[in-house]
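Coordinates from start-v6.json are shown below (JSON, C-alpha atoms and all ligand atoms).
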[["chain", "number", "residue", "atom", "x", "y", "z"],
["A", 27, "MET", "CA", 128.75, 101.45, 107.68],
["A", 28, "LYS", "CA", 129.26, 100.83, 104.00],
["A", 29, "MET", "CA", 126.76, 103.20, 102.43],
["A", 30, "GLU", "CA", 126.18, 102.62, 98.73],
["A", 31, "ARG", "CA", 123.88, 103.56, 95.88],
["A", 32, "THR", "CA", 122.58, 101.10, 93.29],
["A", 33, "LEU", "CA", 120.23, 101.22, 90.32],
["A", 34, "SER", "CA", 117.01, 99.25, 90.25],
["A", 35, "ILE", "CA", 114.66, 99.04, 87.29],
["A", 36, "ILE", "CA", 111.11, 97.80, 87.64],
["A", 37, "LYS", "CA", 110.67, 96.14, 84.24],
["A", 38, "PRO", "CA", 107.56, 96.42, 82.01],
["A", 39, "ASN", "CA", 105.96, 93.13, 83.09],
["A", 40, "ALA", "CA", 105.97, 94.12, 86.77],
["A", 41, "ALA", "CA", 104.86, 97.70, 86.03],
["A", 42, "LEU", "CA", 101.96, 96.50, 83.85],
["A", 43, "ASP", "CA", 100.95, 93.93, 86.49],
["A", 44, "ASN", "CA", 100.45, 96.75, 89.06],
["A", 45, "ASN", "CA", 103.39, 95.64, 91.17],
["A", 46, "ILE", "CA", 105.27, 98.97, 91.30],
["A", 47, "GLY", "CA", 103.96, 99.73, 94.79],
["A", 48, "ASN", "CA", 104.69, 96.25, 96.11],
["A", 49, "ILE", "CA", 108.28, 96.43, 94.91],
["A", 50, "VAL", "CA", 108.92, 99.96, 96.23],
["A", 51, "LYS", "CA", 107.39, 98.96, 99.58],
["A", 52, "ARG", "CA", 109.73, 96.00, 99.76],
["A", 53, "PHE", "CA", 112.82, 98.17, 99.17],
["A", 54, "GLU", "CA", 111.78, 100.66, 101.84],
["A", 55, "GLY", "CA", 110.92, 97.84, 104.22],
["A", 56, "GLU", "CA", 114.45, 96.50, 103.83],
["A", 57, "ASN", "CA", 116.04, 99.88, 104.61],
["A", 58, "LEU", "CA", 116.87, 100.81, 101.05],
["A", 59, "ARG", "CA", 115.93, 104.48, 100.66],
["A", 60, "ILE", "CA", 114.57, 105.88, 97.39],
["A", 61, "ALA", "CA", 117.12, 108.57, 96.44],
["A", 62, "ALA", "CA", 115.65, 109.13, 92.93],
["A", 63, "MET", "CA", 112.82, 107.62, 90.93],
["A", 64, "LYS", "CA", 111.13, 108.10, 87.55],
["A", 65, "LEU", "CA", 108.59, 106.24, 85.48],
["A", 66, "THR", "CA", 109.38, 106.38, 81.79],
["A", 67, "VAL", "CA", 109.34, 104.44, 78.53],
["A", 68, "LEU", "CA", 112.80, 103.62, 77.18],
["A", 69, "SER", "CA", 113.69, 104.32, 73.56],
["A", 70, "LYS", "CA", 115.39, 101.55, 71.60],
["A", 71, "GLU", "CA", 118.66, 103.54, 71.66],
["A", 72, "LYS", "CA", 118.52, 104.08, 75.42],
["A", 73, "ALA", "CA", 117.79, 100.39, 76.13],
["A", 74, "GLU", "CA", 120.55, 99.22, 73.76],
["A", 75, "GLY", "CA", 123.07, 101.52, 75.41],
["A", 76, "PHE", "CA", 122.10, 100.34, 78.86],
["A", 77, "TYR", "CA", 122.56, 96.66, 77.95],
["A", 78, "ILE", "CA", 125.62, 97.22, 75.74],
["A", 79, "GLU", "CA", 127.61, 94.53, 77.60],
["A", 80, "HIS", "CA", 125.07, 91.94, 76.30],
["A", 81, "LYS", "CA", 125.22, 93.12, 72.66],
["A", 82, "GLU", "CA", 126.64, 89.84, 71.34],
["A", 83, "ARG", "CA", 124.31, 87.58, 73.34],
["A", 84, "PRO", "CA", 121.61, 85.69, 71.40],
["A", 85, "PHE", "CA", 118.83, 87.22, 73.54],
["A", 86, "PHE", "CA", 119.91, 90.87, 73.02],
["A", 87, "GLY", "CA", 117.16, 91.70, 70.49],
["A", 88, "GLU", "CA", 114.49, 90.10, 72.66],
["A", 89, "LEU", "CA", 115.82, 91.91, 75.74],
["A", 90, "VAL", "CA", 115.72, 95.35, 74.07],
["A", 91, "SER", "CA", 112.30, 94.70, 72.58],
["A", 92, "PHE", "CA", 110.91, 93.68, 76.00],
["A", 93, "MET", "CA", 112.50, 96.61, 77.85],
["A", 94, "THR", "CA", 110.90, 99.08, 75.39],
["A", 95, "SER", "CA", 107.48, 97.35, 75.37],
["A", 96, "GLY", "CA", 106.00, 99.26, 78.30],
["A", 97, "PRO", "CA", 106.73, 101.51, 81.26],
["A", 98, "VAL", "CA", 109.78, 101.06, 83.45],
["A", 99, "VAL", "CA", 110.55, 102.64, 86.81],
["A", 100, "LEU", "CA", 114.16, 103.76, 87.23],
["A", 101, "ILE", "CA", 115.14, 103.89, 90.90],
["A", 102, "VAL", "CA", 118.30, 104.91, 92.74],
["A", 103, "LEU", "CA", 118.40, 102.98, 96.00],
["A", 104, "GLU", "CA", 120.63, 104.13, 98.83],
["A", 105, "GLY", "CA", 121.62, 102.24, 101.96],
["A", 106, "GLU", "CA", 124.05, 100.02, 103.73],
["A", 107, "ASN", "CA", 125.53, 97.42, 101.37],
["A", 108, "ALA", "CA", 122.90, 98.46, 98.81],
["A", 109, "VAL", "CA", 124.34, 96.68, 95.74],
["A", 110, "GLU", "CA", 124.46, 93.23, 97.30],
["A", 111, "LYS", "CA", 121.33, 93.72, 99.38],
["A", 112, "ASN", "CA", 119.29, 94.60, 96.28],
["A", 113, "ARG", "CA", 120.64, 91.53, 94.44],
["A", 114, "GLU", "CA", 119.53, 89.37, 97.38],
["A", 115, "ILE", "CA", 116.05, 90.88, 97.43],
["A", 116, "MET", "CA", 115.76, 90.36, 93.63],
["A", 117, "GLY", "CA", 116.77, 86.69, 93.54],
["A", 118, "ALA", "CA", 118.24, 84.67, 90.65],
["A", 119, "THR", "CA", 117.93, 85.89, 87.04],
["A", 120, "ASN", "CA", 115.79, 82.87, 86.17],
["A", 121, "PRO", "CA", 112.64, 82.91, 88.36],
["A", 122, "ALA", "CA", 112.61, 79.10, 88.31],
["A", 123, "GLU", "CA", 115.84, 79.28, 90.35],
["A", 124, "ALA", "CA", 114.92, 82.28, 92.51],
["A", 125, "ALA", "CA", 114.58, 81.78, 96.26],
["A", 126, "GLU", "CA", 111.21, 82.04, 98.01],
["A", 127, "ASN", "CA", 109.95, 85.57, 98.60],
["A", 128, "THR", "CA", 112.50, 87.22, 96.29],
["A", 129, "LEU", "CA", 111.08, 89.80, 93.87],
["A", 130, "ARG", "CA", 111.73, 87.53, 90.90],
["A", 131, "LYS", "CA", 110.08, 84.55, 92.58],
["A", 132, "LEU", "CA", 107.06, 86.72, 93.35],
["A", 133, "TYR", "CA", 106.75, 88.83, 90.19],
["A", 134, "ALA", "CA", 108.79, 87.42, 87.27],
["A", 135, "LYS", "CA", 107.14, 85.59, 84.37],
["A", 136, "SER", "CA", 110.26, 84.14, 82.74],
["A", 137, "ILE", "CA", 114.04, 84.63, 82.49],
["A", 138, "GLY", "CA", 113.40, 87.49, 80.06],
["A", 139, "GLU", "CA", 110.40, 89.08, 81.77],
["A", 140, "ASN", "CA", 112.02, 88.89, 85.17],
["A", 141, "ALA", "CA", 110.44, 91.91, 86.89],
["A", 142, "VAL", "CA", 113.51, 93.81, 88.08],
["A", 143, "HIS", "CA", 117.06, 94.81, 87.24],
["A", 144, "GLY", "CA", 119.75, 95.51, 89.82],
["A", 145, "SER", "CA", 123.33, 96.71, 89.35],
["A", 146, "ASP", "CA", 125.79, 93.85, 89.82],
["A", 147, "SER", "CA", 128.72, 95.86, 91.29],
["A", 148, "LEU", "CA", 129.56, 99.32, 92.62],
["A", 149, "ALA", "CA", 131.22, 100.19, 89.31],
["A", 150, "SER", "CA", 128.13, 99.13, 87.33],
["A", 151, "ALA", "CA", 125.90, 101.03, 89.77],
["A", 152, "ASP", "CA", 127.87, 104.22, 89.20],
["A", 153, "ARG", "CA", 127.71, 103.87, 85.41],
["A", 154, "GLU", "CA", 124.02, 102.94, 85.41],
["A", 155, "ILE", "CA", 122.92, 105.74, 87.77],
["A", 156, "ASN", "CA", 124.79, 108.31, 85.68],
["A", 157, "TYR", "CA", 123.29, 106.81, 82.52],
["A", 158, "PHE", "CA", 119.75, 107.64, 83.64],
["A", 159, "PHE", "CA", 120.01, 110.49, 86.17],
["A", 160, "ASP", "CA", 121.58, 113.93, 86.34],
["A", 161, "LYS", "CA", 123.53, 114.54, 89.55],
["A", 162, "ASN", "CA", 120.94, 117.09, 90.76],
["A", 163, "GLU", "CA", 118.09, 114.54, 90.42],
["A", 164, "VAL", "CA", 119.55, 112.24, 93.08],
["A", 165, "PHE", "CA", 119.02, 113.14, 96.73],
["A", 166, "SER", "CA", 121.80, 111.53, 98.70],
["A", 167, "ARG", "CA", 122.01, 111.42, 102.51],
["A", 168, "PHE", "CA", 125.70, 110.56, 102.67],
["A", 201, "LIG", "P1", 119.76, 92.33, 85.33],
["A", 201, "LIG", "O1", 121.02, 92.78, 84.66],
["A", 201, "LIG", "O2", 118.51, 92.59, 84.53],
["A", 201, "LIG", "O3", 119.65, 92.77, 86.75],
["A", 201, "LIG", "P2", 120.98, 89.82, 85.82],
["A", 201, "LIG", "O4", 122.21, 90.59, 86.19],
["A", 201, "LIG", "O5", 120.43, 88.85, 86.83],
["A", 201, "LIG", "O6", 119.80, 90.75, 85.43],
["A", 201, "LIG", "P3", 122.19, 89.40, 83.24],
["A", 201, "LIG", "O7", 123.03, 88.20, 82.99],
["A", 201, "LIG", "O8", 122.86, 90.72, 83.46],
["A", 201, "LIG", "O9", 121.22, 89.04, 84.47],
["A", 201, "LIG", "O10", 121.16, 89.52, 82.05],
["A", 201, "LIG", "C1", 120.48, 90.74, 81.81],
["A", 201, "LIG", "C2", 119.04, 90.45, 81.49],
["A", 201, "LIG", "O11", 118.97, 89.77, 80.23],
["A", 201, "LIG", "C3", 118.32, 89.52, 82.46],
["A", 201, "LIG", "O12", 117.77, 90.18, 83.57],
["A", 201, "LIG", "C4", 117.23, 88.95, 81.59],
["A", 201, "LIG", "O13", 116.12, 89.85, 81.53],
["A", 201, "LIG", "C5", 117.88, 88.87, 80.23],
["A", 201, "LIG", "N1", 118.36, 87.52, 79.98],
["A", 201, "LIG", "C6", 119.44, 86.93, 80.54],
["A", 201, "LIG", "N2", 119.59, 85.68, 80.10],
["A", 201, "LIG", "C7", 118.56, 85.47, 79.22],
["A", 201, "LIG", "C8", 118.16, 84.36, 78.42],
["A", 201, "LIG", "N3", 118.84, 83.24, 78.42],
["A", 201, "LIG", "N4", 117.07, 84.54, 77.65],
["A", 201, "LIG", "C9", 116.37, 85.70, 77.64],
["A", 201, "LIG", "N5", 116.70, 86.77, 78.37],
["A", 201, "LIG", "C10", 117.78, 86.66, 79.17],
["A", 202, "MG", "MG", 123.04, 92.14, 84.95]]

How does the structure come out when it is put into C-alpha cells?
Amino acid sequence: MKMERTLSIIKPNAALDNNIGNIVKRFEGENLRIAAMKLTVLSKEKAEGFYIEHKERPFFGELVSFMTSGPVVLIVLEGENAVEKNREIMGATNPAEAAENTLRKLYAKSIGENAVHGSDSLASADREINYFFDKNEVFSRF
C-alpha cells in the first residue's frame, strides 16, 4: 500500500455555499481520512506565499484576492494514493472541463472560484502541509 498525505483546501465559494460538509463527506466516503483540519481566513501574505509558483501569472492578483475573500478549510487527507486520488475527486481546474460528479463539476462557479485545491505531487503536498500545519497538529496513522 502506498500511503500518502495531501493538502486539500475548501475555497471560499464552496465554504460560503454551505458545501463544507458535502466535500468532507465525499473525502471520507472515498477512504481519504481527515488527519488535520482547520477553518480559517487567509491573510494576503499567507495566500501569496502559498501560491508563490503562480506569482508571474496574469491571474495572480485575482487568485489571492479570491482566496482571502472568505473562509477556507485547510485539510490534511491521508490514505492510499492520496495525492492522485484527491486530484481525481476534484476534477479539472476549469469546471467546464471537469468530469461528472467531481467536486469542481458539483461545486465550482468558474476557473477562479473552483471550490477546492489539491496538492499536485508528493513534493508539493509535503511543502503545503508544512506551510499550514505544525507537525503536532497532524494525526497520522502510518
Ligand atoms: P489548485 O492548485 O487550486 O489545486 P490546479 O492545480 O488545478 O488548482 P493551478 O494551475 O495550480 O490549478 O492554478 C491554481 C489556481 O489558480 C486554480 O485552482 C484557479 O483557482 C486559479 N487559476 C488557474 N488558472 C486561472 C485562470 N486562467 N484564471 C483565473 N484563475 C485561474
Ligand atoms: Mg495547482

Would you list the residues that come within 7 Å of ligand LIG 201 (chain A)? Count only C-alpha atoms and all ligand atoms and give the answer as a PDB file with C-alpha atoms, keeping the file's coordinate frame.
ATOM      1  CA  PHE A  85     118.830  87.220  73.540  1.00  0.00           C
ATOM      2  CA  GLU A  88     114.490  90.100  72.660  1.00  0.00           C
ATOM      3  CA  LEU A  89     115.820  91.910  75.740  1.00  0.00           C
ATOM      4  CA  ALA A 118     118.240  84.670  90.650  1.00  0.00           C
ATOM      5  CA  THR A 119     117.930  85.890  87.040  1.00  0.00           C
ATOM      6  CA  ILE A 137     114.040  84.630  82.490  1.00  0.00           C
ATOM      7  CA  GLY A 138     113.400  87.490  80.060  1.00  0.00           C
ATOM      8  CA  GLU A 139     110.400  89.080  81.770  1.00  0.00           C
ATOM      9  CA  ASN A 140     112.020  88.890  85.170  1.00  0.00           C
ATOM     10  CA  VAL A 142     113.510  93.810  88.080  1.00  0.00           C
ATOM     11  CA  HIS A 143     117.060  94.810  87.240  1.00  0.00           C
ATOM     12  CA  GLY A 144     119.750  95.510  89.820  1.00  0.00           C
ATOM     13  CA  SER A 145     123.330  96.710  89.350  1.00  0.00           C
ATOM     14  CA  ASP A 146     125.790  93.850  89.820  1.00  0.00           C
TER      15      ASP A 146
END

For a quick check of understanding, using all atoms listed in the file, which of A:Ser91, A:Ser136, A:Asn127, A:Asn107 has the smallest distance to Leu148 in chain A? A:Asn107

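Nearest residue to Val164 in chain A among A:Ala61, A:Val67, A:Met93, A:Ala149 is A:Ala61, counting only C-alpha atoms.
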
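Between Val99 in chain A and the candidates A:Ser166, A:Asp152, A:Asn57, A:Lys64, the tightest atom-to-atom separation, counting all atoms listed in the file, involves A:Lys64.
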
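Environment of (117.7, 104.4, 92.4): residues at most 7 Å away, judged by all atoms listed in the file, are A:Thr32, A:Leu33, A:Ser34, A:Ile60, A:Ala61, A:Ala62, A:Met63, A:Leu100, A:Ile101, A:Val102, A:Leu103.
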
Take the residues that were just selected and, keeping C-alpha atoms, output them as an mmCIF file, in the frame of the given file.
data_model
loop_
_atom_site.group_PDB
_atom_site.id
_atom_site.type_symbol
_atom_site.label_atom_id
_atom_site.label_comp_id
_atom_site.auth_asym_id
_atom_site.auth_seq_id
_atom_site.Cartn_x
_atom_site.Cartn_y
_atom_site.Cartn_z
ATOM 1 C CA THR A 32 122.580 101.100 93.290
ATOM 2 C CA LEU A 33 120.230 101.220 90.320
ATOM 3 C CA SER A 34 117.010 99.250 90.250
ATOM 4 C CA ILE A 60 114.570 105.880 97.390
ATOM 5 C CA ALA A 61 117.120 108.570 96.440
ATOM 6 C CA ALA A 62 115.650 109.130 92.930
ATOM 7 C CA MET A 63 112.820 107.620 90.930
ATOM 8 C CA LEU A 100 114.160 103.760 87.230
ATOM 9 C CA ILE A 101 115.140 103.890 90.900
ATOM 10 C CA VAL A 102 118.300 104.910 92.740
ATOM 11 C CA LEU A 103 118.400 102.980 96.000
#

If we count only C-alpha atoms, what is near range 47-53 of chain A at a cut-off of 10 Å, once residues fewer than 6 positions away on the same chain are taken out, given as a PyMOL selection string? chain A and resi 34+36+40-41+59-60+99+101+103-104+111-112+115-116+128-129+132-133+141-142

With only C-alpha atoms and all ligand atoms as the basis for distance, which of A:Gly55, A:Lys70, A:Ile78, A:Phe159 is at the shortest distance from ligand MG 202 (chain A)?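 Of all the options, A:Ile78 lies closest to ligand MG 202 (chain A).
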
Go through A:Lys37, A:Arg167, A:His80, A:Arg31 and flag the residue nearest Leu68 in chain A, using only C-alpha atoms for the distances. A:Lys37

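With distances taken over all atoms listed in the file, A:Asn120 is the one residue among A:Asn162, A:Asn156, A:Asn120, A:Asn39 lying closest to ligand MG 202 (chain A).
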
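The space between CA of Ser69 in chain A and CA of Glu154 in chain A spans 15.8 Å.
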
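Separating CA of Glu106 in chain A from CA of Glu56 in chain A is a distance of 10.2 Å.
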
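Of note, CA of Thr66 in chain A and CA of Val98 in chain A are spaced 5.6 Å apart.
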
Could you add N, CA and C atoms to range 118-151 of chain A and give me the result as a PDB file, keeping the file's coordinate frame?
ATOM      1  N   ALA A 118     117.531  85.119  91.860  1.00  0.00           N
ATOM      2  CA  ALA A 118     118.240  84.670  90.650  1.00  0.00           C
ATOM      3  C   ALA A 118     117.576  85.205  89.385  1.00  0.00           C
ATOM      4  N   THR A 119     118.399  85.384  88.338  1.00  0.00           N
ATOM      5  CA  THR A 119     117.930  85.890  87.040  1.00  0.00           C
ATOM      6  C   THR A 119     116.741  85.080  86.524  1.00  0.00           C
ATOM      7  N   ASN A 120     116.863  83.757  86.608  1.00  0.00           N
ATOM      8  CA  ASN A 120     115.790  82.870  86.170  1.00  0.00           C
ATOM      9  C   ASN A 120     114.827  82.622  87.347  1.00  0.00           C
ATOM     10  N   PRO A 121     113.567  83.043  87.225  1.00  0.00           N
ATOM     11  CA  PRO A 121     112.640  82.910  88.360  1.00  0.00           C
ATOM     12  C   PRO A 121     112.468  81.458  88.824  1.00  0.00           C
ATOM     13  N   ALA A 122     112.715  80.512  87.917  1.00  0.00           N
ATOM     14  CA  ALA A 122     112.610  79.100  88.310  1.00  0.00           C
ATOM     15  C   ALA A 122     113.672  78.746  89.350  1.00  0.00           C
ATOM     16  N   GLU A 123     114.755  79.539  89.390  1.00  0.00           N
ATOM     17  CA  GLU A 123     115.840  79.280  90.350  1.00  0.00           C
ATOM     18  C   GLU A 123     115.846  80.289  91.496  1.00  0.00           C
ATOM     19  N   ALA A 124     114.922  81.217  91.492  1.00  0.00           N
ATOM     20  CA  ALA A 124     114.920  82.280  92.510  1.00  0.00           C
ATOM     21  C   ALA A 124     114.369  81.757  93.836  1.00  0.00           C
ATOM     22  N   ALA A 125     114.991  82.211  94.932  1.00  0.00           N
ATOM     23  CA  ALA A 125     114.580  81.780  96.260  1.00  0.00           C
ATOM     24  C   ALA A 125     113.189  82.323  96.609  1.00  0.00           C
ATOM     25  N   GLU A 126     112.518  81.621  97.524  1.00  0.00           N
ATOM     26  CA  GLU A 126     111.210  82.040  98.010  1.00  0.00           C
ATOM     27  C   GLU A 126     111.222  83.486  98.462  1.00  0.00           C
ATOM     28  N   ASN A 127     110.159  84.195  98.124  1.00  0.00           N
ATOM     29  CA  ASN A 127     109.950  85.570  98.600  1.00  0.00           C
ATOM     30  C   ASN A 127     110.874  86.610  97.980  1.00  0.00           C
ATOM     31  N   THR A 128     111.725  86.215  97.032  1.00  0.00           N
ATOM     32  CA  THR A 128     112.500  87.220  96.290  1.00  0.00           C
ATOM     33  C   THR A 128     111.563  87.873  95.267  1.00  0.00           C
ATOM     34  N   LEU A 129     111.945  89.077  94.815  1.00  0.00           N
ATOM     35  CA  LEU A 129     111.080  89.800  93.870  1.00  0.00           C
ATOM     36  C   LEU A 129     110.865  89.009  92.594  1.00  0.00           C
ATOM     37  N   ARG A 130     111.892  88.292  92.144  1.00  0.00           N
ATOM     38  CA  ARG A 130     111.730  87.530  90.900  1.00  0.00           C
ATOM     39  C   ARG A 130     110.861  86.298  91.114  1.00  0.00           C
ATOM     40  N   LYS A 131     110.974  85.676  92.279  1.00  0.00           N
ATOM     41  CA  LYS A 131     110.080  84.550  92.580  1.00  0.00           C
ATOM     42  C   LYS A 131     108.630  85.040  92.603  1.00  0.00           C
ATOM     43  N   LEU A 132     108.424  86.210  93.187  1.00  0.00           N
ATOM     44  CA  LEU A 132     107.060  86.720  93.350  1.00  0.00           C
ATOM     45  C   LEU A 132     106.481  87.291  92.061  1.00  0.00           C
ATOM     46  N   TYR A 133     107.317  88.021  91.264  1.00  0.00           N
ATOM     47  CA  TYR A 133     106.750  88.830  90.190  1.00  0.00           C
ATOM     48  C   TYR A 133     107.265  88.548  88.782  1.00  0.00           C
ATOM     49  N   ALA A 134     108.279  87.686  88.616  1.00  0.00           N
ATOM     50  CA  ALA A 134     108.790  87.420  87.270  1.00  0.00           C
ATOM     51  C   ALA A 134     107.905  86.420  86.539  1.00  0.00           C
ATOM     52  N   LYS A 135     107.901  86.536  85.195  1.00  0.00           N
ATOM     53  CA  LYS A 135     107.140  85.590  84.370  1.00  0.00           C
ATOM     54  C   LYS A 135     108.060  84.567  83.742  1.00  0.00           C
ATOM     55  N   SER A 136     109.302  84.985  83.463  1.00  0.00           N
ATOM     56  CA  SER A 136     110.260  84.140  82.740  1.00  0.00           C
ATOM     57  C   SER A 136     111.642  84.750  82.920  1.00  0.00           C
ATOM     58  N   ILE A 137     112.670  84.091  82.380  1.00  0.00           N
ATOM     59  CA  ILE A 137     114.040  84.630  82.490  1.00  0.00           C
ATOM     60  C   ILE A 137     114.154  85.984  81.789  1.00  0.00           C
ATOM     61  N   GLY A 138     113.394  86.200  80.755  1.00  0.00           N
ATOM     62  CA  GLY A 138     113.400  87.490  80.060  1.00  0.00           C
ATOM     63  C   GLY A 138     112.563  88.519  80.808  1.00  0.00           C
ATOM     64  N   GLU A 139     111.321  88.160  81.079  1.00  0.00           N
ATOM     65  CA  GLU A 139     110.400  89.080  81.770  1.00  0.00           C
ATOM     66  C   GLU A 139     110.530  88.860  83.267  1.00  0.00           C
ATOM     67  N   ASN A 140     111.698  89.264  83.791  1.00  0.00           N
ATOM     68  CA  ASN A 140     112.020  88.890  85.170  1.00  0.00           C
ATOM     69  C   ASN A 140     111.894  90.035  86.180  1.00  0.00           C
ATOM     70  N   ALA A 141     110.967  90.941  85.918  1.00  0.00           N
ATOM     71  CA  ALA A 141     110.440  91.910  86.890  1.00  0.00           C
ATOM     72  C   ALA A 141     111.362  93.058  87.308  1.00  0.00           C
ATOM     73  N   VAL A 142     112.616  92.769  87.584  1.00  0.00           N
ATOM     74  CA  VAL A 142     113.510  93.810  88.080  1.00  0.00           C
ATOM     75  C   VAL A 142     114.932  93.656  87.546  1.00  0.00           C
ATOM     76  N   HIS A 143     115.619  94.772  87.489  1.00  0.00           N
ATOM     77  CA  HIS A 143     117.060  94.810  87.240  1.00  0.00           C
ATOM     78  C   HIS A 143     117.725  95.348  88.493  1.00  0.00           C
ATOM     79  N   GLY A 144     118.951  94.907  88.748  1.00  0.00           N
ATOM     80  CA  GLY A 144     119.750  95.510  89.820  1.00  0.00           C
ATOM     81  C   GLY A 144     121.208  95.521  89.426  1.00  0.00           C
ATOM     82  N   SER A 145     121.895  96.614  89.666  1.00  0.00           N
ATOM     83  CA  SER A 145     123.330  96.710  89.350  1.00  0.00           C
ATOM     84  C   SER A 145     124.072  95.548  90.002  1.00  0.00           C
ATOM     85  N   ASP A 146     125.095  95.011  89.293  1.00  0.00           N
ATOM     86  CA  ASP A 146     125.790  93.850  89.820  1.00  0.00           C
ATOM     87  C   ASP A 146     127.104  94.167  90.535  1.00  0.00           C
ATOM     88  N   SER A 147     127.507  95.453  90.560  1.00  0.00           N
ATOM     89  CA  SER A 147     128.720  95.860  91.290  1.00  0.00           C
ATOM     90  C   SER A 147     128.632  97.358  91.526  1.00  0.00           C
ATOM     91  N   LEU A 148     129.524  97.866  92.369  1.00  0.00           N
ATOM     92  CA  LEU A 148     129.560  99.320  92.620  1.00  0.00           C
ATOM     93  C   LEU A 148     129.901 100.085  91.356  1.00  0.00           C
ATOM     94  N   ALA A 149     130.822  99.522  90.555  1.00  0.00           N
ATOM     95  CA  ALA A 149     131.220 100.190  89.310  1.00  0.00           C
ATOM     96  C   ALA A 149     130.053 100.247  88.330  1.00  0.00           C
ATOM     97  N   SER A 150     129.307  99.126  88.201  1.00  0.00           N
ATOM     98  CA  SER A 150     128.130  99.130  87.330  1.00  0.00           C
ATOM     99  C   SER A 150     127.088 100.118  87.862  1.00  0.00           C
ATOM    100  N   ALA A 151     126.904 100.134  89.160  1.00  0.00           N
ATOM    101  CA  ALA A 151     125.900 101.030  89.770  1.00  0.00           C
ATOM    102  C   ALA A 151     126.210 102.482  89.404  1.00  0.00           C
TER     103      ALA A 151
END
